[in-house]
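A.B. asks: Here you go, model-v6.cif (mmCIF, C-alpha atoms and all ligand atoms):
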```cif
data_structure
loop_
_atom_site.label_atom_id
_atom_site.label_comp_id
_atom_site.auth_asym_id
_atom_site.auth_seq_id
_atom_site.Cartn_x
_atom_site.Cartn_y
_atom_site.Cartn_z
CA MET G 26 3.58 -41.46 12.42
CA ILE G 27 2.98 -39.17 15.36
CA TYR G 28 0.82 -36.03 14.95
CA ARG G 29 0.91 -32.80 16.97
CA THR G 30 -1.30 -29.70 17.01
CA LEU G 31 0.04 -26.69 15.10
CA GLY G 32 -0.77 -23.99 17.66
CA ARG G 33 -3.99 -22.06 17.28
CA THR G 34 -4.57 -23.36 13.73
CA GLY G 35 -5.72 -26.63 15.35
CA LEU G 36 -4.23 -28.50 12.37
CA GLN G 37 -2.96 -31.99 13.26
CA VAL G 38 0.42 -32.21 11.55
CA SER G 39 2.87 -35.09 11.21
CA VAL G 40 6.01 -34.64 13.32
CA VAL G 41 8.10 -35.14 10.19
CA GLY G 42 7.19 -32.55 7.57
CA TYR G 43 8.08 -32.72 3.88
CA GLY G 44 10.49 -29.97 2.83
CA ALA G 45 10.18 -29.45 -0.93
CA SER G 46 13.22 -27.21 -1.54
CA PRO G 47 15.24 -30.10 -3.07
CA LEU G 48 12.48 -30.54 -5.69
CA GLY G 49 13.67 -27.15 -6.97
CA ALA G 50 17.27 -28.48 -7.06
CA GLU G 51 18.38 -26.22 -4.19
CA PHE G 52 20.92 -28.84 -3.04
CA GLY G 53 21.92 -29.90 -6.59
CA ARG G 54 20.22 -31.65 -9.49
CA ILE G 55 17.70 -34.35 -8.70
CA ASP G 56 15.86 -37.05 -10.62
CA PRO G 57 12.29 -35.68 -10.88
CA GLU G 58 10.76 -39.17 -11.10
CA GLU G 59 12.49 -40.13 -7.85
CA GLY G 60 11.15 -36.85 -6.41
CA ARG G 61 7.62 -37.88 -7.42
CA ARG G 62 8.09 -41.28 -5.76
CA ALA G 63 9.45 -39.59 -2.61
CA VAL G 64 6.35 -37.35 -2.39
CA HIS G 65 3.99 -40.31 -2.81
CA HIS G 66 5.98 -42.45 -0.37
CA ALA G 67 5.95 -39.64 2.22
CA ILE G 68 2.13 -39.51 2.02
CA ALA G 69 1.93 -43.30 2.30
CA CYS G 70 4.10 -43.08 5.46
CA GLY G 71 1.66 -40.62 7.05
CA ILE G 72 3.53 -37.35 6.36
CA ASN G 73 0.78 -34.77 5.87
CA TYR G 74 2.59 -31.39 6.11
CA PHE G 75 4.26 -30.13 2.91
CA ASP G 76 6.32 -26.92 2.74
CA VAL G 77 7.41 -25.18 -0.45
CA ALA G 78 8.08 -21.63 -1.75
CA PRO G 79 8.20 -19.76 -5.08
CA TYR G 80 11.89 -19.13 -4.27
CA TYR G 81 12.88 -22.83 -4.36
CA GLY G 82 14.26 -23.42 -7.84
CA ARG G 83 12.70 -20.05 -8.80
CA THR G 84 9.19 -21.62 -9.02
CA LEU G 85 10.39 -25.10 -10.11
CA ALA G 86 9.70 -26.73 -6.71
CA GLU G 87 6.12 -25.41 -6.61
CA THR G 88 5.48 -26.53 -10.19
CA ARG G 89 6.81 -30.02 -9.50
CA LEU G 90 5.03 -30.37 -6.16
CA GLY G 91 1.73 -29.25 -7.74
CA GLU G 92 2.15 -31.93 -10.40
CA PHE G 93 3.16 -34.67 -7.93
CA LEU G 94 0.21 -33.87 -5.63
CA GLU G 95 -2.40 -34.11 -8.39
CA ASP G 96 -5.21 -36.35 -7.01
CA LYS G 97 -3.52 -36.29 -3.58
CA ARG G 98 -4.05 -32.65 -2.65
CA HIS G 99 -6.83 -33.58 -0.18
CA GLN G 100 -4.41 -35.81 1.77
CA VAL G 101 -1.98 -33.02 2.70
CA ILE G 102 -1.70 -29.68 4.46
CA LEU G 103 0.03 -27.39 1.99
CA ALA G 104 2.24 -24.47 3.01
CA THR G 105 3.99 -22.03 0.70
CA LYS G 106 5.44 -18.52 0.93
CA VAL G 107 5.47 -14.99 -0.43
CA GLY G 108 7.99 -12.16 -0.53
CA ARG G 109 11.23 -13.91 -1.52
CA TYR G 110 11.83 -14.65 -5.20
CA ASP G 111 15.62 -14.89 -5.62
CA ILE G 112 18.81 -14.70 -3.55
CA ASP G 113 18.49 -10.93 -3.35
CA HIS G 114 15.02 -10.24 -4.72
CA PHE G 115 12.43 -9.50 -2.06
CA ASP G 116 9.07 -7.75 -2.33
CA PHE G 117 6.82 -7.65 0.73
CA SER G 118 4.34 -5.11 -0.69
CA ALA G 119 0.62 -5.94 -0.50
CA ARG G 120 0.30 -5.75 -4.29
CA CYS G 121 3.11 -8.24 -4.83
CA VAL G 122 2.10 -10.79 -2.19
CA VAL G 123 -1.54 -10.87 -3.32
CA SER G 124 -0.58 -11.64 -6.93
CA SER G 125 2.11 -14.07 -5.70
CA VAL G 126 -0.58 -16.14 -3.94
CA ASP G 127 -2.60 -16.34 -7.18
CA GLU G 128 0.49 -17.57 -9.04
CA SER G 129 1.25 -20.17 -6.33
CA LEU G 130 -2.37 -21.42 -6.45
CA ARG G 131 -1.97 -21.99 -10.18
CA ARG G 132 1.40 -23.74 -9.91
CA LEU G 133 0.22 -25.88 -6.99
CA ARG G 134 -3.00 -26.76 -8.86
CA THR G 135 -5.22 -25.98 -5.90
CA ASP G 136 -7.85 -23.43 -4.92
CA VAL G 137 -6.66 -22.91 -1.34
CA ILE G 138 -3.28 -22.73 0.42
CA ASP G 139 -3.46 -23.99 4.00
CA VAL G 140 -0.57 -21.93 5.40
CA ILE G 141 0.84 -18.89 3.60
CA GLN G 142 4.11 -17.59 5.09
CA ILE G 143 6.13 -14.42 4.66
CA HIS G 144 9.51 -15.75 3.53
CA ASP G 145 12.59 -14.60 5.49
CA ILE G 146 11.22 -11.48 7.16
CA GLU G 147 14.73 -10.42 8.27
CA TYR G 148 15.20 -9.08 4.73
CA GLY G 149 12.19 -6.80 5.03
CA ASP G 150 11.19 -3.65 6.83
CA ARG G 151 9.56 -4.66 10.14
CA ALA G 152 6.85 -1.94 9.95
CA GLN G 153 5.90 -3.01 6.41
CA ILE G 154 5.68 -6.69 7.46
CA VAL G 155 3.39 -5.82 10.40
CA HIS G 156 1.24 -3.07 8.86
CA GLU G 157 1.10 -4.02 5.17
CA THR G 158 2.12 -7.62 4.39
CA LEU G 159 0.33 -9.43 7.23
CA PRO G 160 -2.97 -7.50 6.76
CA ALA G 161 -2.84 -8.22 3.00
CA LEU G 162 -2.48 -11.95 3.72
CA TYR G 163 -5.28 -11.94 6.31
CA SER G 164 -7.51 -10.30 3.65
CA LEU G 165 -6.84 -13.43 1.56
CA VAL G 166 -8.10 -15.56 4.49
CA GLU G 167 -11.36 -13.56 4.23
CA ALA G 168 -11.35 -14.19 0.47
CA GLY G 169 -10.98 -17.96 1.03
CA LYS G 170 -7.67 -18.26 -0.85
CA VAL G 171 -5.56 -19.14 2.22
CA ARG G 172 -6.48 -20.58 5.62
CA PHE G 173 -3.68 -19.48 7.98
CA VAL G 174 -0.83 -16.96 7.94
CA GLY G 175 2.74 -17.41 9.15
CA ILE G 176 6.22 -15.89 9.09
CA THR G 177 9.62 -17.50 8.48
CA GLY G 178 13.20 -16.50 9.14
CA TYR G 179 16.57 -17.16 10.76
CA PRO G 180 17.18 -14.48 13.46
CA LEU G 181 14.92 -15.38 16.37
CA LEU G 182 14.40 -12.10 18.20
CA GLN G 183 12.71 -10.46 15.20
CA LEU G 184 10.29 -13.42 14.91
CA ALA G 185 9.50 -13.13 18.63
CA ASP G 186 9.05 -9.36 18.27
CA VAL G 187 6.55 -9.64 15.41
CA ILE G 188 4.36 -12.20 17.18
CA SER G 189 4.39 -10.02 20.31
CA GLN G 190 2.99 -7.10 18.28
CA THR G 191 0.34 -8.69 16.12
CA ARG G 192 -1.58 -11.80 15.17
CA VAL G 193 0.38 -14.54 13.39
CA ASP G 194 -0.74 -18.19 13.20
CA THR G 195 2.58 -20.00 12.59
CA ILE G 196 6.36 -19.47 12.71
CA LEU G 197 8.91 -21.40 10.67
CA SER G 198 12.41 -21.14 12.16
CA TYR G 199 15.38 -22.93 10.60
CA CYS G 200 18.78 -24.14 11.84
CA ARG G 201 17.92 -23.03 15.39
CA TYR G 202 16.99 -26.37 16.94
CA ASN G 203 19.25 -29.27 16.05
CA LEU G 204 22.50 -30.86 17.29
CA PHE G 205 24.45 -27.68 16.44
CA ASP G 206 22.10 -25.01 17.77
CA THR G 207 19.26 -25.17 20.32
CA THR G 208 18.74 -21.44 20.90
CA MET G 209 15.14 -21.58 19.64
CA ASP G 210 14.20 -23.20 22.95
CA ALA G 211 15.03 -20.12 25.04
CA MET G 212 14.66 -17.32 22.46
CA LEU G 213 11.45 -18.19 20.63
CA THR G 214 9.51 -21.13 22.09
CA PRO G 215 8.26 -19.43 25.30
CA VAL G 216 6.71 -16.45 23.50
CA ALA G 217 5.29 -18.66 20.72
CA LYS G 218 3.60 -20.88 23.31
CA GLU G 219 2.24 -17.89 25.21
CA ARG G 220 0.77 -16.42 22.01
CA GLY G 221 -0.61 -19.75 20.71
CA VAL G 222 1.57 -19.60 17.58
CA GLY G 223 2.25 -22.96 15.89
CA LEU G 224 5.99 -23.73 15.79
CA ILE G 225 7.68 -25.31 12.76
CA ASN G 226 11.36 -26.28 12.95
CA ALA G 227 13.24 -26.59 9.65
CA SER G 228 16.70 -27.94 8.80
CA PRO G 229 17.15 -30.60 11.52
CA LEU G 230 20.25 -31.67 9.53
CA HIS G 231 21.60 -28.09 9.70
CA MET G 232 21.26 -27.70 5.93
CA ARG G 233 22.98 -31.04 5.25
CA ALA G 234 25.96 -30.42 7.59
CA LEU G 235 24.68 -33.32 9.74
CA THR G 236 24.81 -35.93 6.94
CA GLU G 237 27.38 -38.29 5.46
CA LYS G 238 27.45 -36.17 2.28
CA GLY G 239 28.27 -33.06 4.27
CA ALA G 240 27.45 -29.36 3.96
CA PRO G 241 27.03 -27.79 0.49
CA ASP G 242 29.65 -25.20 -0.66
CA TRP G 243 27.17 -22.38 -0.08
CA HIS G 244 26.62 -23.25 3.59
CA PRO G 245 26.65 -19.97 5.58
CA ALA G 246 28.08 -21.36 8.85
CA PRO G 247 31.69 -20.49 9.82
CA GLN G 248 34.42 -22.92 8.76
CA ALA G 249 34.83 -24.23 12.32
CA VAL G 250 31.24 -25.51 12.27
CA ILE G 251 31.70 -27.19 8.89
CA GLU G 252 34.94 -28.86 10.06
CA LYS G 253 33.20 -30.03 13.22
CA SER G 254 30.37 -31.50 11.15
CA ARG G 255 32.89 -33.72 9.30
CA GLU G 256 34.46 -34.76 12.59
CA VAL G 257 31.12 -35.81 14.14
CA ALA G 258 30.01 -37.66 10.98
CA ASP G 259 33.34 -39.59 10.98
CA TRP G 260 33.03 -40.41 14.65
CA CYS G 261 29.42 -41.63 14.25
CA ARG G 262 30.49 -43.80 11.31
CA SER G 263 33.19 -45.36 13.52
CA GLN G 264 30.37 -46.27 15.94
CA GLY G 265 28.29 -47.82 13.15
CA VAL G 266 25.77 -44.97 13.20
CA ASP G 267 24.65 -42.52 10.51
CA ILE G 268 24.86 -38.97 11.90
CA ALA G 269 21.62 -38.05 10.06
CA ASP G 270 19.67 -40.70 12.01
CA LEU G 271 20.89 -39.36 15.35
CA ALA G 272 20.23 -35.75 14.27
CA MET G 273 16.66 -36.58 13.22
CA GLN G 274 15.93 -38.47 16.45
CA TYR G 275 17.24 -35.51 18.44
CA ALA G 276 15.15 -32.88 16.61
CA LEU G 277 11.95 -34.94 16.57
CA ALA G 278 12.10 -35.43 20.34
CA TYR G 279 11.53 -31.68 20.85
CA ASP G 280 7.80 -31.70 21.40
CA ASP G 281 7.21 -27.93 21.63
CA VAL G 282 7.61 -28.00 17.87
CA ALA G 283 4.61 -29.34 15.93
CA THR G 284 6.45 -30.44 12.80
CA THR G 285 10.12 -30.69 11.80
CA LEU G 286 10.75 -30.03 8.10
CA VAL G 287 13.41 -32.02 6.31
CA GLY G 288 14.15 -31.85 2.59
CA MET G 289 13.45 -35.21 0.89
CA SER G 290 13.78 -35.80 -2.83
CA LYS G 291 14.65 -39.50 -2.38
CA VAL G 292 12.52 -42.42 -1.17
CA SER G 293 15.45 -43.64 0.96
CA HIS G 294 15.58 -40.30 2.81
CA VAL G 295 11.84 -40.52 3.53
CA ASP G 296 12.36 -44.01 4.95
CA SER G 297 15.32 -43.02 7.16
CA ASN G 298 13.57 -39.93 8.49
CA VAL G 299 10.29 -41.70 9.22
CA LYS G 300 12.24 -44.43 11.04
CA ALA G 301 13.49 -41.78 13.48
CA VAL G 302 9.93 -40.99 14.65
CA GLY G 303 9.40 -41.89 18.31
CA VAL G 304 12.97 -43.18 18.73
CA ALA G 305 14.99 -41.61 21.55
CA PRO G 306 18.64 -40.92 20.64
CA ASP G 307 21.11 -43.30 22.31
CA PRO G 308 22.12 -41.32 25.46
CA ARG G 309 25.79 -42.35 25.30
CA LEU G 310 26.17 -41.39 21.64
CA LEU G 311 24.26 -38.17 22.18
CA ALA G 312 26.44 -37.14 25.14
CA GLU G 313 29.62 -37.85 23.12
CA ILE G 314 28.37 -35.82 20.13
CA GLN G 315 27.23 -32.92 22.29
CA ALA G 316 30.64 -32.80 24.00
CA MET G 317 32.36 -32.74 20.60
CA ILE G 318 30.08 -29.98 19.28
CA ASP G 319 30.19 -27.89 22.45
CA PRO G 320 33.03 -25.51 21.36
CA VAL G 321 30.98 -24.47 18.28
CA ALA G 322 27.49 -24.95 19.67
CA ASP G 323 24.93 -22.17 19.14
CA VAL G 324 27.11 -20.25 16.69
CA VAL G 325 24.74 -17.90 14.87
CA TRP G 326 25.48 -16.14 11.57
CA ARG G 327 24.17 -12.86 10.17
CA GLU G 328 21.20 -13.09 7.85
CA GLY G 329 19.16 -10.17 6.51
CA ARG G 330 19.22 -6.54 7.66
CA PRO G 331 21.77 -5.72 10.42
CA GLU G 332 19.02 -4.38 12.71
CA ASN G 333 17.56 -7.90 12.79
CA ASP G 334 20.77 -9.66 13.93
CA ASP G 335 20.58 -11.80 17.03
CA PRO G 336 23.24 -10.97 19.68
CA GLY G 337 26.67 -12.38 18.83
CA ALA G 338 25.87 -13.14 15.17
CA VAL G 339 29.01 -13.63 13.05
CA PRO G 340 29.46 -12.89 9.32
CA LYS G 341 28.22 -15.55 6.89
CA GLN G 342 30.85 -17.84 5.40
CA SER G 343 29.35 -17.74 1.89
P1 LIG A 1 17.84 -30.30 6.28
O1 LIG A 1 19.00 -29.53 6.73
O2 LIG A 1 17.18 -31.10 7.32
O3 LIG A 1 18.19 -31.26 5.05
C1 LIG A 1 19.08 -30.88 4.05
C2 LIG A 1 19.25 -31.96 2.98
O4 LIG A 1 19.72 -33.20 3.54
C3 LIG A 1 17.98 -32.41 2.26
O5 LIG A 1 17.57 -31.49 1.30
C4 LIG A 1 18.42 -33.74 1.65
O6 LIG A 1 19.17 -33.53 0.48
C5 LIG A 1 19.35 -34.30 2.71
N1 LIG A 1 18.71 -35.35 3.54
C6 LIG A 1 17.42 -35.42 3.98
N2 LIG A 1 17.23 -36.52 4.73
C7 LIG A 1 18.41 -37.18 4.78
C8 LIG A 1 18.85 -38.37 5.43
N3 LIG A 1 18.04 -39.10 6.19
N4 LIG A 1 20.14 -38.73 5.26
C9 LIG A 1 20.99 -37.99 4.52
N5 LIG A 1 20.64 -36.86 3.88
C10 LIG A 1 19.36 -36.44 4.02
O7 LIG A 1 16.69 -29.43 5.77
P2 LIG A 1 16.52 -28.28 4.71
O8 LIG A 1 16.29 -28.88 3.37
O9 LIG A 1 17.49 -27.19 4.90
O10 LIG A 1 15.12 -27.73 5.26
C11 LIG A 1 13.96 -28.52 5.20
C12 LIG A 1 12.83 -27.73 4.57
O11 LIG A 1 12.47 -26.67 5.44
C13 LIG A 1 13.16 -27.08 3.23
O12 LIG A 1 13.01 -28.00 2.17
C14 LIG A 1 12.14 -25.97 3.21
O13 LIG A 1 10.88 -26.50 2.82
C15 LIG A 1 12.08 -25.55 4.68
N6 LIG A 1 12.97 -24.40 5.00
C16 LIG A 1 12.43 -23.15 5.01
C17 LIG A 1 13.23 -22.04 5.27
C18 LIG A 1 12.60 -20.68 5.27
O14 LIG A 1 11.41 -20.56 5.13
N7 LIG A 1 13.36 -19.61 5.43
C19 LIG A 1 14.59 -22.19 5.52
C20 LIG A 1 15.12 -23.48 5.55
C21 LIG A 1 14.30 -24.58 5.28
#
```
Let me see the structure of the file written as structure tokens.
C.D. replies:
Amino acid sequence: MIYRTLGRTGLQVSVVGYGASPLGAEFGRIDPEEGRRAVHHAIACGINYFDVAPYYGRTLAETRLGEFLEDKRHQVILATKVGRYDIDHFDFSARCVVSSVDESLRRLRTDVIDVIQIHDIEYGDRAQIVHETLPALYSLVEAGKVRFVGITGYPLLQLADVISQTRVDTILSYCRYNLFDTTMDAMLTPVAKERGVGLINASPLHMRALTEKGAPDWHPAPQAVIEKSREVADWCRSQGVDIADLAMQYALAYDDVATTLVGMSKVSHVDSNVKAVGVAPDPRLLAEIQAMIDPVADVVWREGRPENDDPGAVPKQS
């Protein structure tokens, strides 16, 4: 495993991070015992950064992760979230997020959360996030319940705007640095580096579009992107390569990001993703794939309040 520093937190995090959303059955039903084995195998492989949220499986993922980490809590850096509780249920008030942290501590069977993040800030009011939610979470740092505070979301300019205004320790951005979209590099990375904010990149497989199984029905990307994902997976197969391996190698090579979060409820997925660490993508294959993707590269969809849209964002497919 390779470790990188997560910005000003100073935490040394594994370049592959464990995404726990599948433990809450976000991509379909899973075998919980296989999920337990995947968590333990990830730790054995040196993965030390674990990301979850009350939203995943409407608390199921936190409950399962807390159970699977019993006796192993000291081996991992644990990140969870506040503010999002269902597809369209958000509450970023100080009162809500403070009690949410207490509930997460109970479910995760721990007395401290290493990184607490405001979940999908594009659905909130920017002034409330800056003047109410973030201060409430920093008061929990004083109280010893959390160690560091971060924000997460899809549109990049709003994330950049918040860290320009106030102190934030980490940012989790998803679907904005992978084979389909690399806009994080120009739109977020420079300001994050300047402000010392630790960068976390999620969804290196573009929410399963860059896998043999393909995108789930609820994938928000336009149809042209989904069709292209099938085309590139087919072409990779014809070359004897699994598209997911190439996609992981590509994302992990981006060293401005401290950790890349990928959802893993199967031991075999942990193995494949760990194998990609430190492996450069084959330049010929990469060039072919990038040329194929080019007509739909960097397509961005709308997520959250319209005032938070990045330029050129298109309506969501689902
Ligand atoms: P992803 O797009 O990289 O993976 C999607 C799915 O692909 C996984 O859930 C798994 O079912 C499958 N998969 C994993 N490895 C595979 C492999 N080697 N071969 C084939 N299939 C494989 O990532 P994701 O699940 O969308 O995101 C990763 C994590 O990041 C999430 O679990 C969550 O913790 C976090 N995340 C956070 C936010 C947010 O805060 N707003 C948004 C997206 C993701």
A.B. asks: List the residues sitting within 8 Å of (11.5, -14.7, 3.0) in the file's frame, using all atoms listed in the file, as a PDB file with C-alpha atoms, in the coordinates of the input.
C.D. replies:
```
ATOM      1  CA  LYS G 106       5.440 -18.520   0.930  1.00  0.00           C
ATOM      2  CA  VAL G 107       5.470 -14.990  -0.430  1.00  0.00           C
ATOM      3  CA  GLY G 108       7.990 -12.160  -0.530  1.00  0.00           C
ATOM      4  CA  ARG G 109      11.230 -13.910  -1.520  1.00  0.00           C
ATOM      5  CA  PHE G 115      12.430  -9.500  -2.060  1.00  0.00           C
ATOM      6  CA  ILE G 143       6.130 -14.420   4.660  1.00  0.00           C
ATOM      7  CA  HIS G 144       9.510 -15.750   3.530  1.00  0.00           C
ATOM      8  CA  ASP G 145      12.590 -14.600   5.490  1.00  0.00           C
ATOM      9  CA  ILE G 146      11.220 -11.480   7.160  1.00  0.00           C
ATOM     10  CA  GLU G 147      14.730 -10.420   8.270  1.00  0.00           C
ATOM     11  CA  TYR G 148      15.200  -9.080   4.730  1.00  0.00           C
ATOM     12  CA  THR G 177       9.620 -17.500   8.480  1.00  0.00           C
ATOM     13  CA  GLY G 178      13.200 -16.500   9.140  1.00  0.00           C
TER      14      GLY G 178
END
```
A.B. asks: Find the residue from G:Arg233, G:Pro245, G:Asp150, G:Arg262 that sits nearest to G:Ala338; use all atoms listed in the file when measuring.
C.D. replies: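 Of G:Arg233, G:Pro245, G:Asp150, G:Arg262, the one nearest G:Ala338, counting all atoms listed in the file, is G:Pro245.
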A.B. asks: Ligand LIG 1 (chain A): which residues are within 7 Å, counting all atoms listed in the file, as a VMD selection string?
C.D. replies: chain G and resid 43 to 47 52 76 to 77 144 to 145 177 to 179 197 to 199 227 to 233 236 to 237 269 to 270 286 to 290 294 to 295 297 to 298
A.B. asks: Using all atoms listed in the file, collect all residues at a distance of at most 10 Å from (-8.2, -21.8, 15.0) as written in the file, then present them as a ChimeraX atom specification.
C.D. replies: /G:31-36,172-173,194,221
A.B. asks: For a test of reading the model, state the distance in Å between atom CA of G:Ala283 and atom CA of G:Thr30, rounded to one decimal.
C.D. replies: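 Pair atom CA of G:Ala283 / atom CA of G:Thr30 returns 6.0 Å.
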A.B. asks: One decimal, in Å: what's the spacing between atom CA of G:Thr88 and atom CA of G:Ile196?
C.D. replies: 24.0 Å
A.B. asks: Tell me, in Å to one decimal, how far atom CA of G:Val321 is from atom CA of G:Val304.
C.D. replies: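 These two atoms are separated by 26.0 Å.
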A.B. asks: Let me make sure I understand: among G:Ser124, G:Thr84, G:Gln274, G:Gln248, which one has the smallest atom-to-atom distance to G:Lys170 if we use all atoms listed in the file?
C.D. replies: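 For G:Lys170, the nearest of the given residues is G:Ser124.
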A.B. asks: Closest to G:Pro160 among G:Met273, G:Leu181, G:Ala119, G:Ile112, using only C-alpha atoms?
C.D. replies: G:Ala119
A.B. asks: For each of G:Glu256, G:Asp136, G:Asp281, G:Asp206, take the minimum atom-to-atom distance to G:Trp326, counting all atoms listed in the file, then give the residue where this is smallest.
C.D. replies: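 The answer is G:Asp206, which sits nearest to G:Trp326.
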A.B. asks: Counting all atoms listed in the file, figure out which residue out of G:Asp186, G:Asp210, G:Asp267, G:Asp319 gets nearest to G:Ala249.
C.D. replies: G:Asp319
A.B. asks: Under the rule that all atoms listed in the file are counted, which of G:Val123, G:Leu310, G:Pro57, G:Asn333 is the nearest residue to G:Gly265?
C.D. replies: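 Of G:Val123, G:Leu310, G:Pro57, G:Asn333, the one nearest G:Gly265 is G:Leu310, counting all atoms listed in the file.
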A.B. asks: Would you list the contacts of G:Leu48 as an MDAnalysis selection string, taking every protein, DNA or RNA residue within 8 Å and counting only C-alpha atoms, but skipping same-chain residues closer than 2 positions in sequence?
C.D. replies: chainID G and resid 45:46 50:51 55 57 60 81:82 85:86 89:90 290
A.B. asks: Axis-aligned box over every listed atom of stretch 108-116 of chain G, padded by 8 Å per side: centre and edges in Å to one decimal, as AutoDock Vina command-line options?
C.D. replies:
```
--center_x 13.4 --center_y -11.3 --center_z -3.1 --size_x 26.8 --size_y 23.1 --size_z 21.1
```
A.B. asks: Near G:Pro336, within 12 Å and counting all atoms listed in the file, which residues show up once chain neighbours fewer than 5 positions away are dropped, as a PyMOL selection string?
C.D. replies: chain G and resi 180-183+208+212+323-327+331
